[in-house]
file query-v8.cif (mmCIF, C-alpha atoms)
data_my_file
loop_
_atom_site.label_atom_id
_atom_site.label_comp_id
_atom_site.auth_asym_id
_atom_site.auth_seq_id
_atom_site.Cartn_x
_atom_site.Cartn_y
_atom_site.Cartn_z
CA MET A 1 -19.99 -16.75 10.31
CA GLN A 2 -16.81 -14.82 11.03
CA THR A 3 -16.59 -11.74 8.81
CA VAL A 4 -14.08 -8.92 8.55
CA ILE A 5 -14.49 -5.79 6.44
CA VAL A 6 -11.34 -3.97 5.33
CA CYS A 7 -12.29 -0.38 4.52
CA ALA A 8 -10.29 2.63 3.33
CA SER A 9 -12.57 5.61 3.99
CA VAL A 10 -10.54 8.79 3.77
CA SER A 11 -12.48 11.84 2.60
CA HIS A 12 -15.91 12.24 4.16
CA GLY A 13 -16.60 8.92 5.93
CA ASN A 14 -18.98 7.81 3.17
CA THR A 15 -17.46 4.40 2.65
CA ARG A 16 -17.20 3.77 6.40
CA ARG A 17 -20.94 4.41 6.74
CA VAL A 18 -21.63 1.80 4.06
CA ALA A 19 -19.18 -0.62 5.71
CA ASP A 20 -20.82 -0.11 9.11
CA SER A 21 -24.26 -0.83 7.61
CA MET A 22 -22.99 -4.08 6.12
CA ALA A 23 -21.16 -4.94 9.35
CA GLU A 24 -24.40 -4.68 11.34
CA VAL A 25 -25.96 -7.38 9.18
CA LEU A 26 -22.87 -9.58 9.00
CA GLY A 27 -21.74 -9.19 12.63
CA ALA A 28 -18.42 -8.01 11.21
CA GLU A 29 -15.54 -5.95 12.46
CA VAL A 30 -14.56 -3.02 10.23
CA VAL A 31 -10.82 -2.28 10.04
CA ALA A 32 -8.54 -0.04 8.00
CA PRO A 33 -5.99 -1.83 5.80
CA GLU A 34 -3.22 -0.85 8.25
CA GLN A 35 -5.13 -2.41 11.15
CA ALA A 36 -6.05 -5.70 9.46
CA ASP A 37 -4.71 -8.85 11.09
CA LEU A 38 -3.66 -11.34 8.39
CA ALA A 39 -4.32 -14.32 10.67
CA GLU A 40 -7.83 -13.04 11.35
CA LEU A 41 -8.46 -12.56 7.63
CA ALA A 42 -7.20 -16.07 6.89
CA GLY A 43 -9.59 -17.51 9.47
CA ALA A 44 -12.62 -15.49 8.36
CA ASP A 45 -15.48 -17.07 6.47
CA LEU A 46 -16.08 -13.86 4.52
CA VAL A 47 -13.92 -10.78 3.95
CA GLY A 48 -15.16 -7.49 2.50
CA PHE A 49 -12.90 -4.96 0.81
CA GLY A 50 -14.05 -1.43 0.09
CA SER A 51 -13.08 2.19 -0.46
CA GLY A 52 -14.09 5.38 -2.12
CA VAL A 53 -13.28 5.87 -5.78
CA PHE A 54 -10.42 8.19 -6.71
CA HIS A 55 -9.79 8.96 -10.39
CA GLY A 56 -11.90 5.96 -11.40
CA ARG A 57 -10.12 3.49 -9.08
CA LEU A 58 -10.40 2.20 -5.57
CA HIS A 59 -8.07 3.79 -3.03
CA PRO A 60 -4.39 2.79 -3.51
CA ARG A 61 -4.06 1.83 0.19
CA LEU A 62 -6.71 -0.85 -0.28
CA THR A 63 -5.33 -2.06 -3.60
CA GLU A 64 -1.78 -2.29 -2.24
CA PHE A 65 -3.05 -4.14 0.82
CA VAL A 66 -4.75 -6.76 -1.36
CA ARG A 67 -1.67 -7.05 -3.59
CA ALA A 68 0.41 -7.82 -0.48
CA LEU A 69 -1.96 -10.52 0.80
CA PRO A 70 -0.61 -14.05 0.65
CA ALA A 71 -2.43 -16.45 -1.63
CA GLY A 72 -5.30 -18.10 0.16
CA ARG A 73 -8.84 -19.21 -0.14
CA GLY A 74 -12.16 -17.98 1.09
CA ARG A 75 -15.15 -15.87 0.24
CA ALA A 76 -14.90 -12.14 -0.39
CA PHE A 77 -16.91 -9.18 -1.60
CA VAL A 78 -15.97 -5.71 -2.83
CA PHE A 79 -17.76 -2.39 -2.34
CA ALA A 80 -17.23 1.23 -3.30
CA THR A 81 -18.66 4.72 -2.95
CA SER A 82 -18.29 7.29 -5.70
CA GLY A 83 -19.42 10.73 -6.68
CA LEU A 84 -19.94 9.67 -10.28
CA PRO A 85 -21.88 6.64 -11.50
CA GLU A 86 -20.14 3.47 -12.58
CA ILE A 87 -19.89 2.74 -16.26
CA ALA A 88 -21.28 -0.75 -16.87
CA PRO A 89 -18.46 -2.01 -19.14
CA ALA A 90 -15.81 -0.93 -16.60
CA PRO A 91 -17.06 -1.07 -13.00
CA PHE A 92 -14.85 0.53 -10.34
CA THR A 93 -14.66 -2.74 -8.46
CA ARG A 94 -13.57 -5.00 -11.33
CA PRO A 95 -9.77 -4.61 -10.93
CA LEU A 96 -9.95 -5.48 -7.22
CA VAL A 97 -12.29 -8.40 -7.89
CA ARG A 98 -9.79 -9.81 -10.40
CA LEU A 99 -6.90 -9.25 -8.00
CA LEU A 100 -8.75 -11.11 -5.23
CA GLN A 101 -9.63 -13.95 -7.59
CA GLY A 102 -5.96 -14.18 -8.52
CA LYS A 103 -5.19 -14.55 -4.80
CA GLY A 104 -7.60 -17.51 -4.59
CA PHE A 105 -10.68 -15.78 -3.21
CA GLU A 106 -14.17 -16.63 -4.42
CA VAL A 107 -15.72 -13.18 -4.90
CA ASP A 108 -19.43 -13.37 -4.15
CA GLY A 109 -20.27 -9.97 -5.56
CA SER A 110 -19.74 -6.24 -5.47
CA PHE A 111 -21.75 -3.25 -4.35
CA SER A 112 -21.44 0.45 -5.08
CA CYS A 113 -23.44 3.57 -4.40
CA ARG A 114 -23.15 7.29 -4.94
CA ALA A 115 -21.60 9.48 -2.24
CA PHE A 116 -20.68 13.04 -1.39
CA ASP A 117 -17.72 14.08 -3.52
CA THR A 118 -15.58 17.22 -3.37
CA TRP A 119 -13.00 16.27 -5.99
CA THR A 120 -11.47 19.40 -7.55
CA PRO A 121 -14.01 20.39 -10.22
CA PHE A 122 -16.91 19.57 -7.85
CA LYS A 123 -15.31 21.46 -4.97
CA LEU A 124 -15.95 24.72 -6.85
CA VAL A 125 -19.70 24.19 -6.45
CA GLY A 126 -19.54 22.76 -2.92
CA GLY A 127 -19.45 19.13 -4.01
CA ILE A 128 -21.97 16.73 -5.51
CA ASN A 129 -24.28 14.17 -3.91
CA LYS A 130 -24.29 16.10 -0.64
CA GLN A 131 -26.90 13.87 0.98
CA ARG A 132 -25.35 10.56 -0.07
CA PRO A 133 -25.05 7.85 0.96
CA ASN A 134 -28.62 8.30 2.11
CA ALA A 135 -31.02 6.00 3.96
CA GLY A 136 -31.88 4.22 0.70
CA ASP A 137 -28.22 3.61 -0.12
CA LEU A 138 -27.54 2.22 3.37
CA ALA A 139 -30.64 0.01 3.14
CA ALA A 140 -29.36 -1.31 -0.20
CA ALA A 141 -25.99 -2.04 1.42
CA ARG A 142 -27.75 -3.99 4.20
CA THR A 143 -29.80 -5.93 1.63
CA PHE A 144 -26.61 -6.78 -0.26
CA ALA A 145 -25.05 -8.01 3.00
CA GLU A 146 -28.13 -10.07 3.85
CA GLY A 147 -27.75 -11.89 0.56
CA LEU A 148 -24.12 -12.68 1.39
CA ARG A 149 -25.00 -13.78 4.92
CA ASP A 150 -27.93 -15.97 3.90
CA GLY A 151 -26.06 -17.64 1.05
CA ARG A 152 -28.57 -16.57 -1.58
CA GLY A 153 -25.95 -14.44 -3.29
CA PRO A 154 -25.75 -10.71 -3.35
CA VAL A 155 -28.85 -8.70 -4.06
CA SER A 156 -27.91 -5.39 -5.64
#

call {"tool": "encode", "arguments": {"input": "query-v8.cif", "output": "structure tokens"}}
result
Amino acid sequence: MQTVIVCASVSHGNTRRVADSMAEVLGAEVVAPEQADLAELAGADLVGFGSGVFHGRLHPRLTEFVRALPAGRGRAFVFATSGLPEIAPAPFTRPLVRLLQGKGFEVDGSFSCRAFDTWTPFKLVGGINKQRPNAGDLAAARTFAEGLRDGRGPVS
């Protein structure tokens, strides 16, 4: 199965660590939005899209990249890292999931975990979640990817 993961990891490398864990399971290449090859994405069996969360949203570079994608078809998944927990009625990943669905992707699921965050109020105390993503978070990311790879759906 050909898989590509498009990842915008800009602050502490948290999201890239999660992407790399998933990539190990999926045999995927991890690329930044600016490095993604549209022909490669079109030919992939599965494409992942992920970033850290900034002001309650995924990184604008990733969102703009998806907005610019031509309509197509295929399987996708979305993932995120965040200092604060998701709120069930409004998950961080929902807007990107809907955008991908509007582009014709079948979104197989989403994954998120906590991560080191030094956003302004947290910077004053040295940040929050200093040890995250931890081994348990990365194991959960691999388990999620195994579900995608094995066709049994995401396990999160």

call {"tool": "resolve_selection", "arguments": {"input": "query-v8.cif", "expression": "the PyMOL selection byres ((chain A and resi 101) around 10)", "output": "PDB file with C-alpha atoms, in the coordinates of the input"}}
result
ATOM      1  CA  ALA A  71      -2.430 -16.450  -1.630  1.00  0.00           C
ATOM      2  CA  GLY A  72      -5.300 -18.100   0.160  1.00  0.00           C
ATOM      3  CA  ARG A  73      -8.840 -19.210  -0.140  1.00  0.00           C
ATOM      4  CA  GLY A  74     -12.160 -17.980   1.090  1.00  0.00           C
ATOM      5  CA  ARG A  75     -15.150 -15.870   0.240  1.00  0.00           C
ATOM      6  CA  ALA A  76     -14.900 -12.140  -0.390  1.00  0.00           C
ATOM      7  CA  PRO A  95      -9.770  -4.610 -10.930  1.00  0.00           C
ATOM      8  CA  LEU A  96      -9.950  -5.480  -7.220  1.00  0.00           C
ATOM      9  CA  VAL A  97     -12.290  -8.400  -7.890  1.00  0.00           C
ATOM     10  CA  ARG A  98      -9.790  -9.810 -10.400  1.00  0.00           C
ATOM     11  CA  LEU A  99      -6.900  -9.250  -8.000  1.00  0.00           C
ATOM     12  CA  LEU A 100      -8.750 -11.110  -5.230  1.00  0.00           C
ATOM     13  CA  GLY A 102      -5.960 -14.180  -8.520  1.00  0.00           C
ATOM     14  CA  LYS A 103      -5.190 -14.550  -4.800  1.00  0.00           C
ATOM     15  CA  GLY A 104      -7.600 -17.510  -4.590  1.00  0.00           C
ATOM     16  CA  PHE A 105     -10.680 -15.780  -3.210  1.00  0.00           C
ATOM     17  CA  GLU A 106     -14.170 -16.630  -4.420  1.00  0.00           C
ATOM     18  CA  VAL A 107     -15.720 -13.180  -4.900  1.00  0.00           C
TER      19      VAL A 107
END

call {"tool": "resolve_selection", "arguments": {"input": "query-v8.cif", "expression": "the PyMOL selection byres ((chain A and resi 6) around 7)", "output": "VMD selection string"}}
result
chain A and resid 4 to 5 7 to 8 30 to 33 36 48 to 50

call {"tool": "residues_around", "arguments": {"input": "query-v8.cif", "residues": "Glu146 (chain A)", "least_positions_apart": "4", "cutoff": "7 Å", "atoms": "all atoms listed in the file", "output": "CSV table (one decimal) with C-alpha atoms, in the coordinates of the input"}}
result
chain,number,residue,atom,x,y,z
A,25,VAL,CA,-26.0,-7.4,9.2
A,142,ARG,CA,-27.8,-4.0,4.2
A,150,ASP,CA,-27.9,-16.0,3.9

call {"tool": "residues_around", "arguments": {"input": "query-v8.cif", "residues": "Met22 (chain A)", "least_positions_apart": "6", "cutoff": "10 Å", "atoms": "all atoms listed in the file", "output": "PDB file with C-alpha atoms, in the coordinates of the input"}}
result
ATOM      1  CA  ILE A   5     -14.490  -5.790   6.440  1.00  0.00           C
ATOM      2  CA  ARG A  16     -17.200   3.770   6.400  1.00  0.00           C
ATOM      3  CA  ALA A  28     -18.420  -8.010  11.210  1.00  0.00           C
ATOM      4  CA  GLU A  29     -15.540  -5.950  12.460  1.00  0.00           C
ATOM      5  CA  VAL A  30     -14.560  -3.020  10.230  1.00  0.00           C
ATOM      6  CA  GLY A  48     -15.160  -7.490   2.500  1.00  0.00           C
ATOM      7  CA  LEU A 138     -27.540   2.220   3.370  1.00  0.00           C
ATOM      8  CA  ALA A 139     -30.640   0.010   3.140  1.00  0.00           C
ATOM      9  CA  ALA A 140     -29.360  -1.310  -0.200  1.00  0.00           C
ATOM     10  CA  ALA A 141     -25.990  -2.040   1.420  1.00  0.00           C
ATOM     11  CA  ARG A 142     -27.750  -3.990   4.200  1.00  0.00           C
ATOM     12  CA  THR A 143     -29.800  -5.930   1.630  1.00  0.00           C
ATOM     13  CA  PHE A 144     -26.610  -6.780  -0.260  1.00  0.00           C
ATOM     14  CA  ALA A 145     -25.050  -8.010   3.000  1.00  0.00           C
ATOM     15  CA  GLU A 146     -28.130 -10.070   3.850  1.00  0.00           C
ATOM     16  CA  LEU A 148     -24.120 -12.680   1.390  1.00  0.00           C
ATOM     17  CA  ARG A 149     -25.000 -13.780   4.920  1.00  0.00           C
TER      18      ARG A 149
END

call {"tool": "atom_distance", "arguments": {"input": "query-v8.cif", "atom1": "CA of Leu46 (chain A)", "atom2": "CA of Asp108 (chain A)"}}
result
9.3 Å

call {"tool": "atom_distance", "arguments": {"input": "query-v8.cif", "atom1": "CA of Val66 (chain A)", "atom2": "CA of Thr81 (chain A)"}}
result
18.1 Å

call {"tool": "closest_residue", "arguments": {"input": "query-v8.cif", "among": "A:Gly52, A:Gly43, A:Pro70, A:Pro91", "to": "Ser110 (chain A)", "atoms": "only C-alpha atoms"}}
result
A:Pro91

call {"tool": "closest_residue", "arguments": {"input": "query-v8.cif", "among": "A:Val78, A:Ala135, A:Leu69, A:Val53", "to": "Ala39 (chain A)", "atoms": "all atoms listed in the file"}}
result
A:Leu69

call {"tool": "closest_residue", "arguments": {"input": "query-v8.cif", "among": "A:Asp45, A:Glu40, A:Glu86, A:Glu34", "to": "Phe65 (chain A)", "atoms": "only C-alpha atoms"}}
result
A:Glu34

call {"tool": "axis_aligned_box", "arguments": {"input": "query-v8.cif", "around": "region 28-32 of chain A", "padding_each_side": "5 Å", "output": "AutoDock Vina command-line options"}}
result
--center_x -13.5 --center_y -4.0 --center_z 10.2 --size_x 19.9 --size_y 18.0 --size_z 14.5

call {"tool": "atom_distance", "arguments": {"input": "query-v8.cif", "atom1": "CA of Pro89 (chain A)", "atom2": "CA of Asn14 (chain A)"}}
result
24.4 Å

call {"tool": "residues_around", "arguments": {"input": "query-v8.cif", "residues": "Ala80 (chain A)", "least_positions_apart": "6", "cutoff": "8 Å", "atoms": "all atoms listed in the file", "output": "list in words"}}
result
Thr15, Gly50, Ser51, Gly52, Val53, Leu58, Phe92, Thr93, Phe111, Ser112 and Cys113 of chain A

call {"tool": "closest_residue", "arguments": {"input": "query-v8.cif", "among": "A:Asn134, A:Gln35, A:Ser82, A:Thr3", "to": "Leu62 (chain A)", "atoms": "all atoms listed in the file"}}
result
A:Gln35

call {"tool": "closest_residue", "arguments": {"input": "query-v8.cif", "among": "A:Arg67, A:Gly109, A:Gly151, A:Val10", "to": "Phe79 (chain A)", "atoms": "only C-alpha atoms"}}
result
A:Gly109

call {"tool": "residues_around", "arguments": {"input": "query-v8.cif", "residues": "Gly27 (chain A)", "least_positions_apart": "3", "cutoff": "8 Å", "atoms": "all atoms listed in the file", "output": "ChimeraX atom specification"}}
result
/A:2-3,23-24
